[in-house]
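Participant: One file is attached below, my_file_4.csv, containing CSV, C-alpha atoms.
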```csv
chain,number,residue,atom,x,y,z
W,231,MET,CA,9.3,29.0,-6.0
W,232,PRO,CA,9.8,31.9,-8.3
W,233,GLY,CA,7.1,33.3,-10.6
W,234,MET,CA,3.9,35.3,-10.7
W,235,PRO,CA,0.6,34.2,-9.3
W,236,ALA,CA,-1.3,32.2,-12.0
W,237,THR,CA,-4.7,33.5,-13.1
W,238,LEU,CA,-7.7,31.2,-13.9
W,239,VAL,CA,-10.3,32.9,-16.1
W,240,GLY,CA,-9.8,36.2,-14.5
W,241,ILE,CA,-9.6,34.7,-10.9
W,242,SER,CA,-6.3,35.0,-9.2
W,243,LEU,CA,-5.2,31.8,-7.6
W,244,ALA,CA,-3.3,33.8,-5.1
W,245,THR,CA,-6.7,34.9,-3.8
W,246,VAL,CA,-8.6,31.6,-3.8
W,247,SER,CA,-5.6,29.6,-2.5
W,248,GLU,CA,-6.0,31.2,0.9
W,249,SER,CA,-7.8,27.9,1.6
W,250,THR,CA,-4.8,25.7,0.9
W,251,LEU,CA,-4.6,22.9,3.4
W,252,LEU,CA,-1.0,23.4,4.6
W,253,PRO,CA,1.4,26.4,4.8
W,254,ILE,CA,2.6,27.5,1.4
W,255,SER,CA,6.2,27.1,2.7
W,256,SER,CA,5.6,23.3,3.0
W,257,TYR,CA,4.6,23.0,-0.7
W,258,ALA,CA,7.4,25.2,-1.8
W,259,ARG,CA,9.9,23.0,0.1
W,260,ARG,CA,8.4,19.9,-1.4
W,261,LEU,CA,8.7,21.1,-5.0
W,262,SER,CA,12.3,22.2,-4.5
W,263,SER,CA,13.1,18.8,-3.0
W,264,ALA,CA,11.4,17.0,-5.8
W,265,ALA,CA,13.4,18.8,-8.4
W,266,LYS,CA,16.7,18.1,-6.6
W,267,LEU,CA,15.8,14.4,-6.0
W,268,ALA,CA,14.9,14.1,-9.7
W,269,ALA,CA,18.3,15.5,-10.7
W,270,ASP,CA,20.0,13.1,-8.2
W,271,ALA,CA,18.2,10.2,-9.8
W,272,GLY,CA,19.1,11.2,-13.4
W,273,VAL,CA,15.6,12.2,-14.2
W,274,ASP,CA,15.1,15.3,-16.4
W,275,LEU,CA,11.4,15.8,-16.0
W,276,LEU,CA,8.8,14.7,-13.4
W,277,LEU,CA,5.2,14.4,-14.6
W,278,VAL,CA,2.7,14.1,-11.7
W,279,SER,CA,-0.9,13.2,-12.4
W,280,PRO,CA,-3.9,13.9,-10.1
W,281,GLY,CA,-3.7,11.7,-7.0
W,282,PRO,CA,-1.9,11.6,-3.7
W,283,ASP,CA,1.4,12.8,-5.2
W,284,LEU,CA,-0.2,15.9,-6.7
W,285,GLU,CA,-2.0,16.6,-3.5
W,286,TYR,CA,1.3,16.3,-1.6
W,287,LEU,CA,3.2,18.6,-3.9
W,288,ILE,CA,0.7,21.4,-4.5
W,289,GLY,CA,-2.4,20.6,-2.4
W,290,SER,CA,-4.5,19.9,-5.4
W,291,ARG,CA,-7.3,17.3,-5.2
W,292,ALA,CA,-8.0,17.5,-8.9
W,293,GLN,CA,-9.3,14.3,-10.4
W,294,THR,CA,-8.1,12.5,-13.5
W,295,PHE,CA,-10.2,12.2,-16.6
W,296,GLU,CA,-9.6,11.5,-20.3
W,297,ARG,CA,-8.2,15.1,-20.6
W,298,LEU,CA,-4.7,15.5,-19.4
W,299,THR,CA,-4.0,17.3,-16.1
W,300,VAL,CA,-0.4,17.1,-15.0
W,301,LEU,CA,2.3,18.9,-13.0
W,302,ALA,CA,5.6,19.1,-14.8
W,303,ILE,CA,8.7,19.6,-12.7
W,304,ALA,CA,12.0,20.0,-14.4
W,305,ALA,CA,15.2,18.7,-12.6
W,306,ASP,CA,16.6,22.3,-12.9
W,307,PRO,CA,15.9,23.8,-9.4
W,308,ASP,CA,15.7,27.3,-10.9
W,309,SER,CA,12.9,26.4,-13.3
W,310,VAL,CA,9.3,27.1,-12.5
W,311,PRO,CA,7.0,24.0,-12.4
W,312,THR,CA,4.1,24.0,-14.9
W,313,VAL,CA,0.5,22.9,-14.3
W,314,VAL,CA,-1.1,21.7,-17.5
W,315,VAL,CA,-4.8,21.6,-17.2
W,316,PRO,CA,-7.9,21.6,-19.5
W,317,GLN,CA,-9.5,25.0,-19.6
W,318,LEU,CA,-12.9,23.5,-18.7
W,319,GLU,CA,-11.3,22.1,-15.6
W,320,LEU,CA,-9.4,25.1,-14.4
W,321,ALA,CA,-11.6,25.3,-11.2
W,322,SER,CA,-10.0,22.0,-10.1
W,323,LEU,CA,-7.0,24.1,-9.0
W,324,THR,CA,-9.1,26.3,-6.8
W,325,GLY,CA,-7.9,25.9,-3.2
W,326,SER,CA,-4.6,24.5,-4.2
W,327,ALA,CA,-1.2,26.2,-3.6
W,328,ALA,CA,-0.6,26.7,-7.3
W,329,GLY,CA,-1.3,30.5,-7.2
W,330,ASP,CA,0.7,31.4,-4.1
W,331,LEU,CA,3.6,29.2,-5.4
W,332,GLY,CA,3.6,31.2,-8.7
W,333,LEU,CA,3.5,28.1,-10.9
W,334,THR,CA,3.2,28.5,-14.6
W,335,LEU,CA,-0.3,27.7,-15.8
W,336,SER,CA,-0.7,26.1,-19.3
W,337,SER,CA,-4.4,25.6,-20.0
W,338,TRP,CA,-5.6,24.0,-23.2
W,339,VAL,CA,-8.8,23.3,-25.1
W,340,ASP,CA,-9.9,20.4,-27.1
W,341,GLY,CA,-8.0,20.1,-30.4
W,342,GLU,CA,-4.7,21.3,-28.8
W,343,ASP,CA,-1.8,19.0,-27.8
W,344,PRO,CA,-1.5,18.9,-24.0
W,345,TYR,CA,1.4,16.5,-24.2
W,346,ALA,CA,3.5,19.1,-26.0
W,347,LEU,CA,2.7,21.5,-23.1
W,348,ALA,CA,3.7,18.9,-20.5
W,349,LEU,CA,7.0,18.2,-22.3
W,350,ASP,CA,7.8,21.9,-23.0
W,351,ALA,CA,10.5,22.0,-20.3
W,352,ALA,CA,12.1,18.7,-21.4
W,353,THR,CA,15.6,18.6,-22.9
W,354,ALA,CA,16.5,16.6,-26.0
W,355,ASN,CA,16.1,12.9,-25.4
W,356,PRO,CA,14.8,13.4,-21.9
W,357,VAL,CA,14.5,10.9,-19.1
W,358,VAL,CA,10.9,11.4,-18.0
W,359,ALA,CA,9.4,9.9,-14.8
W,360,VAL,CA,5.7,9.7,-14.2
W,361,SER,CA,3.7,9.3,-11.0
W,362,ASP,CA,2.2,5.8,-10.6
W,363,SER,CA,-1.3,7.2,-10.8
W,364,MET,CA,-0.9,8.2,-14.5
W,365,GLN,CA,-3.4,6.5,-16.7
W,366,ALA,CA,-2.2,4.5,-19.7
W,367,LEU,CA,-4.2,6.7,-22.1
W,368,HIS,CA,-1.8,9.5,-21.1
W,369,LEU,CA,1.3,7.4,-20.6
W,370,VAL,CA,1.3,6.1,-24.1
W,371,PRO,CA,1.1,9.5,-25.9
W,372,ILE,CA,4.0,10.8,-23.7
W,373,ALA,CA,6.1,7.7,-24.6
W,374,GLU,CA,5.4,8.3,-28.3
W,375,ARG,CA,6.6,11.9,-28.1
W,376,ILE,CA,9.8,11.2,-26.2
W,377,GLY,CA,10.5,8.0,-28.1
W,378,ALA,CA,11.0,6.0,-24.9
W,379,THR,CA,9.1,4.5,-22.1
W,380,PRO,CA,8.9,6.8,-19.1
W,381,THR,CA,10.2,5.5,-15.8
W,382,LEU,CA,8.1,5.6,-12.6
W,383,ALA,CA,8.6,8.5,-10.3
W,384,THR,CA,8.0,6.3,-7.3
W,385,ASP,CA,11.6,6.1,-6.2
W,386,VAL,CA,11.9,9.9,-6.3
W,387,LEU,CA,8.5,10.8,-4.7
W,388,ARG,CA,8.5,8.2,-2.0
W,389,GLU,CA,11.7,9.7,-0.5
W,390,LEU,CA,9.7,12.9,0.0
W,391,ARG,CA,6.4,11.3,1.2
W,392,MET,CA,8.0,8.7,3.6
W,393,ILE,CA,9.5,11.4,5.8
W,394,LYS,CA,6.8,13.5,7.4
W,395,ASP,CA,7.5,17.0,8.5
W,396,ASP,CA,6.2,18.6,11.7
W,397,VAL,CA,3.0,19.8,10.0
W,398,GLU,CA,2.3,16.3,8.7
W,399,ILE,CA,3.0,14.7,12.1
W,400,ASP,CA,0.6,17.1,13.8
W,401,ALA,CA,-2.0,16.1,11.2
W,402,LEU,CA,-1.5,12.4,11.9
W,403,ARG,CA,-1.7,13.0,15.6
W,404,THR,CA,-5.0,14.8,15.1
W,405,ALA,CA,-6.3,12.0,12.9
W,406,GLY,CA,-5.2,9.4,15.4
W,407,ALA,CA,-7.0,11.1,18.3
W,408,ALA,CA,-10.1,11.4,16.2
W,409,ILE,CA,-10.3,7.7,15.4
W,410,ASP,CA,-9.5,6.9,19.0
W,411,ARG,CA,-12.7,8.8,20.0
W,412,VAL,CA,-14.7,6.6,17.7
W,413,HIS,CA,-13.3,3.5,19.2
W,414,ALA,CA,-14.1,4.9,22.7
W,415,ARG,CA,-17.8,5.1,21.6
W,416,MET,CA,-17.9,1.5,20.3
W,417,GLY,CA,-20.2,0.4,23.1
W,418,GLU,CA,-22.9,2.7,21.6
W,419,PHE,CA,-22.9,0.8,18.3
W,420,LEU,CA,-21.7,-2.7,18.8
W,421,ARG,CA,-24.2,-5.0,20.3
W,422,PRO,CA,-25.5,-8.5,19.8
W,423,GLY,CA,-28.7,-8.6,17.7
W,424,ARG,CA,-27.5,-5.9,15.3
W,425,THR,CA,-26.3,-6.5,11.8
W,426,GLU,CA,-22.7,-5.7,10.8
W,427,ARG,CA,-24.2,-3.2,8.3
W,428,ALA,CA,-26.1,-1.3,10.9
W,429,VAL,CA,-23.1,-1.1,13.2
W,430,ALA,CA,-21.0,0.1,10.2
W,431,ASP,CA,-23.5,2.8,9.4
W,432,ASP,CA,-23.3,4.2,12.9
W,433,ILE,CA,-19.5,4.0,12.9
W,434,THR,CA,-19.4,5.9,9.6
W,435,ALA,CA,-21.5,8.7,11.1
W,436,ALA,CA,-19.3,8.7,14.2
W,437,ILE,CA,-16.1,8.9,12.1
W,438,ILE,CA,-17.4,12.1,10.5
W,439,ALA,CA,-18.8,13.5,13.8
W,440,GLU,CA,-15.4,13.0,15.5
W,441,GLY,CA,-13.4,15.1,13.0
W,442,HIS,CA,-13.0,13.2,9.7
W,443,THR,CA,-14.3,14.4,6.4
W,444,SER,CA,-15.3,10.9,5.4
W,445,ALA,CA,-14.9,7.3,6.3
W,446,ALA,CA,-12.3,5.7,4.0
W,447,PHE,CA,-13.1,2.2,5.2
W,448,VAL,CA,-15.2,0.5,7.9
W,449,ILE,CA,-14.6,-3.2,8.7
W,450,VAL,CA,-17.0,-4.9,11.1
W,451,GLY,CA,-15.8,-8.5,11.2
W,452,SER,CA,-18.0,-10.5,13.5
W,453,GLY,CA,-17.5,-14.2,14.4
W,454,PRO,CA,-16.2,-16.1,11.4
W,455,HIS,CA,-16.0,-12.9,9.3
W,456,GLY,CA,-13.3,-11.7,11.7
W,457,ALA,CA,-11.0,-14.3,10.1
W,458,ASP,CA,-11.1,-12.4,6.8
W,459,PRO,CA,-8.7,-9.4,7.2
W,460,HIS,CA,-10.4,-7.5,4.4
W,461,HIS,CA,-14.0,-8.3,5.2
W,462,GLU,CA,-16.0,-5.1,5.2
W,463,TYR,CA,-19.5,-5.7,6.6
W,464,SER,CA,-22.6,-7.7,5.8
W,465,ASP,CA,-26.1,-8.4,6.9
W,466,ARG,CA,-24.9,-11.0,9.3
W,467,VAL,CA,-26.5,-10.6,12.8
W,468,ILE,CA,-23.9,-10.2,15.5
W,469,GLU,CA,-24.1,-12.9,18.2
W,470,ALA,CA,-23.4,-12.7,21.9
W,471,GLU,CA,-20.5,-15.1,21.7
W,472,ASP,CA,-18.8,-13.4,18.8
W,473,ILE,CA,-15.3,-11.9,18.7
W,474,VAL,CA,-15.6,-8.8,16.5
W,475,VAL,CA,-12.7,-7.0,14.7
W,476,ILE,CA,-13.3,-3.3,14.1
W,477,ASP,CA,-10.8,-1.7,11.6
W,478,ILE,CA,-11.7,2.0,10.8
W,479,GLY,CA,-10.2,5.1,9.4
W,480,GLY,CA,-10.4,8.1,7.1
W,481,PRO,CA,-9.0,11.5,6.2
W,482,ILE,CA,-9.3,14.7,8.2
W,483,ALA,CA,-9.5,18.1,6.5
W,484,THR,CA,-5.8,18.3,5.7
W,485,GLY,CA,-6.1,15.0,3.8
W,486,TYR,CA,-4.1,12.9,6.3
W,487,ASN,CA,-5.5,9.6,7.4
W,488,SER,CA,-6.3,7.6,10.5
W,489,ASP,CA,-6.3,3.8,10.7
W,490,SER,CA,-6.8,1.8,13.9
W,491,THR,CA,-8.0,-1.7,14.7
W,492,ARG,CA,-9.3,-3.0,17.9
W,493,THR,CA,-11.0,-6.3,18.8
W,494,TYR,CA,-14.1,-6.6,20.9
W,495,CYS,CA,-16.4,-9.2,22.6
W,496,PHE,CA,-19.5,-9.2,24.8
W,497,ALA,CA,-18.5,-11.8,27.5
W,498,GLU,CA,-15.3,-13.1,29.0
W,499,PRO,CA,-13.7,-15.3,26.2
W,500,SER,CA,-12.6,-18.9,26.6
W,501,ALA,CA,-9.2,-19.5,28.0
W,502,GLU,CA,-7.9,-20.5,24.5
W,503,ILE,CA,-9.1,-17.3,22.9
W,504,ALA,CA,-7.9,-15.1,25.8
W,505,ALA,CA,-4.4,-16.7,25.6
W,506,ALA,CA,-4.2,-16.2,21.8
W,507,VAL,CA,-5.2,-12.5,22.0
W,508,GLU,CA,-2.8,-11.9,24.9
W,509,THR,CA,0.0,-13.3,22.7
W,510,LEU,CA,-1.2,-11.1,19.8
W,511,GLU,CA,-1.0,-8.1,22.1
W,512,ARG,CA,2.5,-9.0,23.2
W,513,ALA,CA,3.5,-9.3,19.5
W,514,GLN,CA,2.1,-5.9,18.7
W,515,THR,CA,4.0,-4.4,21.7
W,516,ALA,CA,7.2,-6.2,20.7
W,517,ALA,CA,7.0,-4.7,17.2
W,518,THR,CA,6.3,-1.3,18.5
W,519,GLU,CA,9.2,-1.4,20.9
W,520,ALA,CA,11.5,-2.6,18.1
W,521,VAL,CA,10.9,0.7,16.2
W,522,ARG,CA,13.9,3.1,16.2
W,523,PRO,CA,16.0,4.9,13.6
W,524,GLY,CA,18.6,2.7,11.8
W,525,VAL,CA,16.7,-0.6,11.9
W,526,THR,CA,15.0,-2.0,8.8
W,527,ALA,CA,11.3,-2.2,8.1
W,528,SER,CA,11.7,-6.0,7.8
W,529,SER,CA,13.0,-6.2,11.4
W,530,ILE,CA,9.8,-4.8,12.8
W,531,ASP,CA,7.8,-7.5,10.9
W,532,THR,CA,10.2,-10.1,12.3
W,533,ALA,CA,9.7,-8.8,15.9
W,534,ALA,CA,5.9,-9.5,15.7
W,535,ARG,CA,6.1,-12.7,13.6
W,536,ASP,CA,8.7,-14.4,15.7
W,537,LEU,CA,6.8,-14.0,18.9
W,538,LEU,CA,3.6,-15.4,17.3
W,539,ALA,CA,5.6,-18.3,15.8
W,540,GLU,CA,7.0,-19.2,19.2
W,541,ALA,CA,3.4,-19.5,20.5
W,542,GLY,CA,2.4,-21.7,17.6
W,543,LEU,CA,0.5,-19.0,15.8
W,544,ALA,CA,2.7,-18.5,12.8
W,545,ASP,CA,0.2,-19.9,10.3
W,546,ALA,CA,-2.5,-17.6,11.8
W,547,PHE,CA,-0.6,-14.5,10.8
W,548,ILE,CA,-1.2,-14.2,7.1
W,549,HIS,CA,-0.3,-10.6,6.2
W,550,ARG,CA,2.5,-8.0,6.6
W,551,THR,CA,2.9,-6.2,9.9
W,552,GLY,CA,2.2,-2.7,8.6
W,553,HIS,CA,2.1,0.0,6.0
W,554,GLY,CA,3.0,3.6,5.7
W,555,ILE,CA,0.3,6.2,6.0
W,556,GLY,CA,-0.2,9.9,5.2
W,557,LEU,CA,-2.3,11.3,2.3
W,558,SER,CA,-2.8,7.7,1.3
W,559,VAL,CA,-4.0,5.0,3.8
W,560,HIS,CA,-1.4,2.7,2.3
W,561,GLU,CA,1.9,4.1,1.2
W,562,GLU,CA,5.6,3.5,1.8
W,563,PRO,CA,7.3,2.2,3.9
W,564,TYR,CA,5.8,-1.2,4.1
W,565,ILE,CA,6.6,-3.2,7.2
W,566,VAL,CA,7.1,-6.6,5.6
W,567,GLY,CA,9.7,-9.3,5.5
W,568,GLY,CA,12.4,-8.6,2.9
W,569,ASN,CA,12.0,-4.8,3.0
W,570,ASP,CA,15.4,-3.4,3.8
W,571,VAL,CA,14.3,0.2,3.9
W,572,VAL,CA,16.0,1.8,6.9
W,573,LEU,CA,13.7,3.6,9.3
W,574,ARG,CA,14.3,7.3,9.8
W,575,PRO,CA,12.7,9.9,12.1
W,576,GLY,CA,9.5,11.2,10.6
W,577,MET,CA,8.4,7.9,9.0
W,578,ALA,CA,4.8,6.9,9.9
W,579,PHE,CA,3.3,3.5,9.6
W,580,SER,CA,0.9,1.0,11.1
W,581,ILE,CA,1.8,-1.9,13.4
W,582,GLU,CA,-1.0,-4.4,13.0
W,583,PRO,CA,-0.3,-8.0,13.5
W,584,GLY,CA,-3.4,-10.2,13.4
W,585,ILE,CA,-4.4,-13.9,13.9
W,586,TYR,CA,-7.1,-15.6,11.9
W,587,PHE,CA,-8.9,-18.9,12.2
W,588,PRO,CA,-11.1,-19.5,9.1
W,589,GLY,CA,-14.7,-20.3,9.9
W,590,GLN,CA,-14.2,-19.4,13.6
W,591,TRP,CA,-12.8,-16.0,14.6
W,592,GLY,CA,-10.0,-13.5,14.2
W,593,ALA,CA,-8.3,-10.6,16.0
W,594,ARG,CA,-6.1,-7.7,15.0
W,595,ILE,CA,-4.5,-4.8,17.0
W,596,GLU,CA,-3.4,-1.7,15.0
W,597,ASP,CA,-1.7,1.5,15.9
W,598,ILE,CA,-0.1,4.2,13.8
W,599,VAL,CA,3.4,5.1,15.0
W,600,ILE,CA,5.8,7.8,14.1
W,601,VAL,CA,9.5,7.2,14.2
W,602,THR,CA,11.3,9.5,16.6
W,603,ASP,CA,15.0,10.1,17.3
W,604,SER,CA,15.1,7.3,19.8
W,605,GLY,CA,12.1,5.1,19.2
W,606,CYS,CA,8.5,5.8,18.1
W,607,GLU,CA,5.4,7.7,19.1
W,608,PRO,CA,2.1,5.9,18.8
W,609,VAL,CA,-0.8,8.2,17.9
W,610,ASN,CA,-3.4,5.7,19.0
W,611,VAL,CA,-3.8,5.1,22.8
W,612,ARG,CA,-6.9,3.1,23.2
W,613,PRO,CA,-6.6,-0.2,25.2
W,614,HIS,CA,-5.0,-2.9,23.1
W,615,GLY,CA,-6.3,-6.2,24.5
W,616,LEU,CA,-9.7,-7.8,23.9
W,617,THR,CA,-12.2,-5.2,25.0
W,618,VAL,CA,-15.4,-6.6,26.6
W,619,LEU,CA,-18.4,-4.5,25.9
W,620,ASP,CA,-21.8,-4.6,27.6
W,621,GLY,CA,-23.9,-6.6,25.2
W,622,ARG,CA,-27.2,-5.5,26.6
```
Just give me the structure as structure tokens.
Facilitator:
Amino acid sequence: MPGMPATLVGISLATVSESTLLPISSYARRLSSAAKLAADAGVDLLLVSPGPDLEYLIGSRAQTFERLTVLAIAADPDSVPTVVVPQLELASLTGSAAGDLGLTLSSWVDGEDPYALALDAATANPVVAVSDSMQALHLVPIAERIGATPTLATDVLRELRMIKDDVEIDALRTAGAAIDRVHARMGEFLRPGRTERAVADDITAAIIAEGHTSAAFVIVGSGPHGADPHHEYSDRVIEAEDIVVIDIGGPIATGYNSDSTRTYCFAEPSAEIAAAVETLERAQTAATEAVRPGVTASSIDTAARDLLAEAGLADAFIHRTGHGIGLSVHEEPYIVGGNDVVLRPGMAFSIEPGIYFPGQWGARIEDIVIVTDSGCEPVNVRPHGLTVLDGR
């Protein structure tokens, strides 16, 4: 993008932004595409608050507070985007791509009108779109100044974020390999006699040790807790006959996330449980094999759901088949019935059918896959079936 490097209190962002997470060319391309997509959608001005969209566009992990921080992108591709930021929070842009991109910096102090700065590039009677992370305390003043309710920028920004470029795909591969290494170590942590909480603590440490910056979530669902898809962990003591669902993930340094689920036990399961999990594995495989450009997200959900229904397990599958992933653990596209979004190369999402029997047990198998020109590439390669661990 055109413009001169911004300066923050005498510190050139062009200097500090050497630590940006991705190549500057990636951010420049994203900003240009955002402006074009906004124009195509009839939007005059995009206002992007701190959150995943801001991180995607300029690499900033600034947080949102009661003082306005926002990136303003006019639909005119020749205009220079503006970052509006409180002067006392200028350091939040350190490490972002703002300096090397030559963005306009509009800092403000208490008593000034930041909303006027944000709307400076707006035309008369503008159509303004805001990111879905914008707080109401900022949305309302913006609406008052333009005399209309802003639209959501979701339709514009999701078109960018849904299609991963080569740099993003490499990051997802790295994240996938890192979480696979944690699953490979599960025998170190998961044993009868330990509490779910103790196992979760060890898994959290392993997630970081194997290449993540943090653990975004750790689910240790043992026995009846495995029948709750969003159970986290508790002080329940894991028993030798339990089936245990382990769903884990987190961001790596670039901000891109892992997410993978496997199901474990400590002895050969009953014939009934073994058959149910084998059917679940076939459903997960069927959904993965159905992925290719040109089909709908809904059709992938159907591939898993129909196979489970044929085995009499329809009522045990109580959630969608998957969700997109990137800078957010859950983002577009969602792999769910009724979603007619057409898959395209570069889309990345989970395939995670599960079966749940309240009060008894549950199982889930989850991989992240990336749509290719002819099918998909899973980034998780650990065994998919019920993994029997040494319970000693």
Participant: May I ask for the distance between CA of Ala457 (chain W) and CA of Gly567 (chain W), given in Å to one decimal place?
Facilitator: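 A separation of 21.8 Å between them.
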Participant: May I ask which of the residues W:Val314, W:Ala578, W:Leu287, W:Ala470 is the closest one to Val300 (chain W), counting only C-alpha atoms?
Facilitator: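 Looking at the shortest contact to Val300 (chain W), the residue is W:Val314.
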Participant: For Ala359 (chain W), which residue out of W:Ala593, W:Leu537, W:Leu616, W:Ile376 is the nearest one, using all atoms listed in the file?
Facilitator: W:Ile376
Participant: Can you measure CA of Ala268 (chain W) to CA of Glu319 (chain W) for me? One decimal in Å is fine.
Facilitator: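 CA of Glu319 (chain W) lies 28.0 Å from CA of Ala268 (chain W).
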Participant: Using only C-alpha atoms - which residues lie no farther than 10 Å from the point (-14.0, -13.4, 13.7) in the file's frame? Write them as a PyMOL selection string.
Facilitator: chain W and resi 450-459+461+472-475+493-494+585-594
Participant: Can you write out the residues you just picked, keeping C-alpha atoms, as a tab-separated table (two decimals), in the frame of the given file?
Facilitator:
```tsv
chain	number	residue	atom	x	y	z
W	450	VAL	CA	-17.00	-4.90	11.10
W	451	GLY	CA	-15.80	-8.50	11.20
W	452	SER	CA	-18.00	-10.50	13.50
W	453	GLY	CA	-17.50	-14.20	14.40
W	454	PRO	CA	-16.20	-16.10	11.40
W	455	HIS	CA	-16.00	-12.90	9.30
W	456	GLY	CA	-13.30	-11.70	11.70
W	457	ALA	CA	-11.00	-14.30	10.10
W	458	ASP	CA	-11.10	-12.40	6.80
W	459	PRO	CA	-8.70	-9.40	7.20
W	461	HIS	CA	-14.00	-8.30	5.20
W	472	ASP	CA	-18.80	-13.40	18.80
W	473	ILE	CA	-15.30	-11.90	18.70
W	474	VAL	CA	-15.60	-8.80	16.50
W	475	VAL	CA	-12.70	-7.00	14.70
W	493	THR	CA	-11.00	-6.30	18.80
W	494	TYR	CA	-14.10	-6.60	20.90
W	585	ILE	CA	-4.40	-13.90	13.90
W	586	TYR	CA	-7.10	-15.60	11.90
W	587	PHE	CA	-8.90	-18.90	12.20
W	588	PRO	CA	-11.10	-19.50	9.10
W	589	GLY	CA	-14.70	-20.30	9.90
W	590	GLN	CA	-14.20	-19.40	13.60
W	591	TRP	CA	-12.80	-16.00	14.60
W	592	GLY	CA	-10.00	-13.50	14.20
W	593	ALA	CA	-8.30	-10.60	16.00
W	594	ARG	CA	-6.10	-7.70	15.00
```
Participant: Between W:Ala305, W:Ile468, W:Val571, W:Ile409, single out the one closest to Glu440 (chain W), counting only C-alpha atoms.
Facilitator: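 Looking only at the distances to Glu440 (chain W), the closest residue turns out to be W:Ile409.
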Participant: Distance cut-off 12 Å, centre (-8.3, 9.6, -18.4) in file coordinates, counting only C-alpha atoms: which residues qualify? Return them as a ChimeraX atom specification.
Facilitator: /W:279-280,293-300,363-370
Participant: Enter the distance from CA of Gly479 (chain W) to CA of Val448 (chain W), in Å, rounded to one decimal.
Facilitator: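 These two atoms are separated by 7.0 Å.
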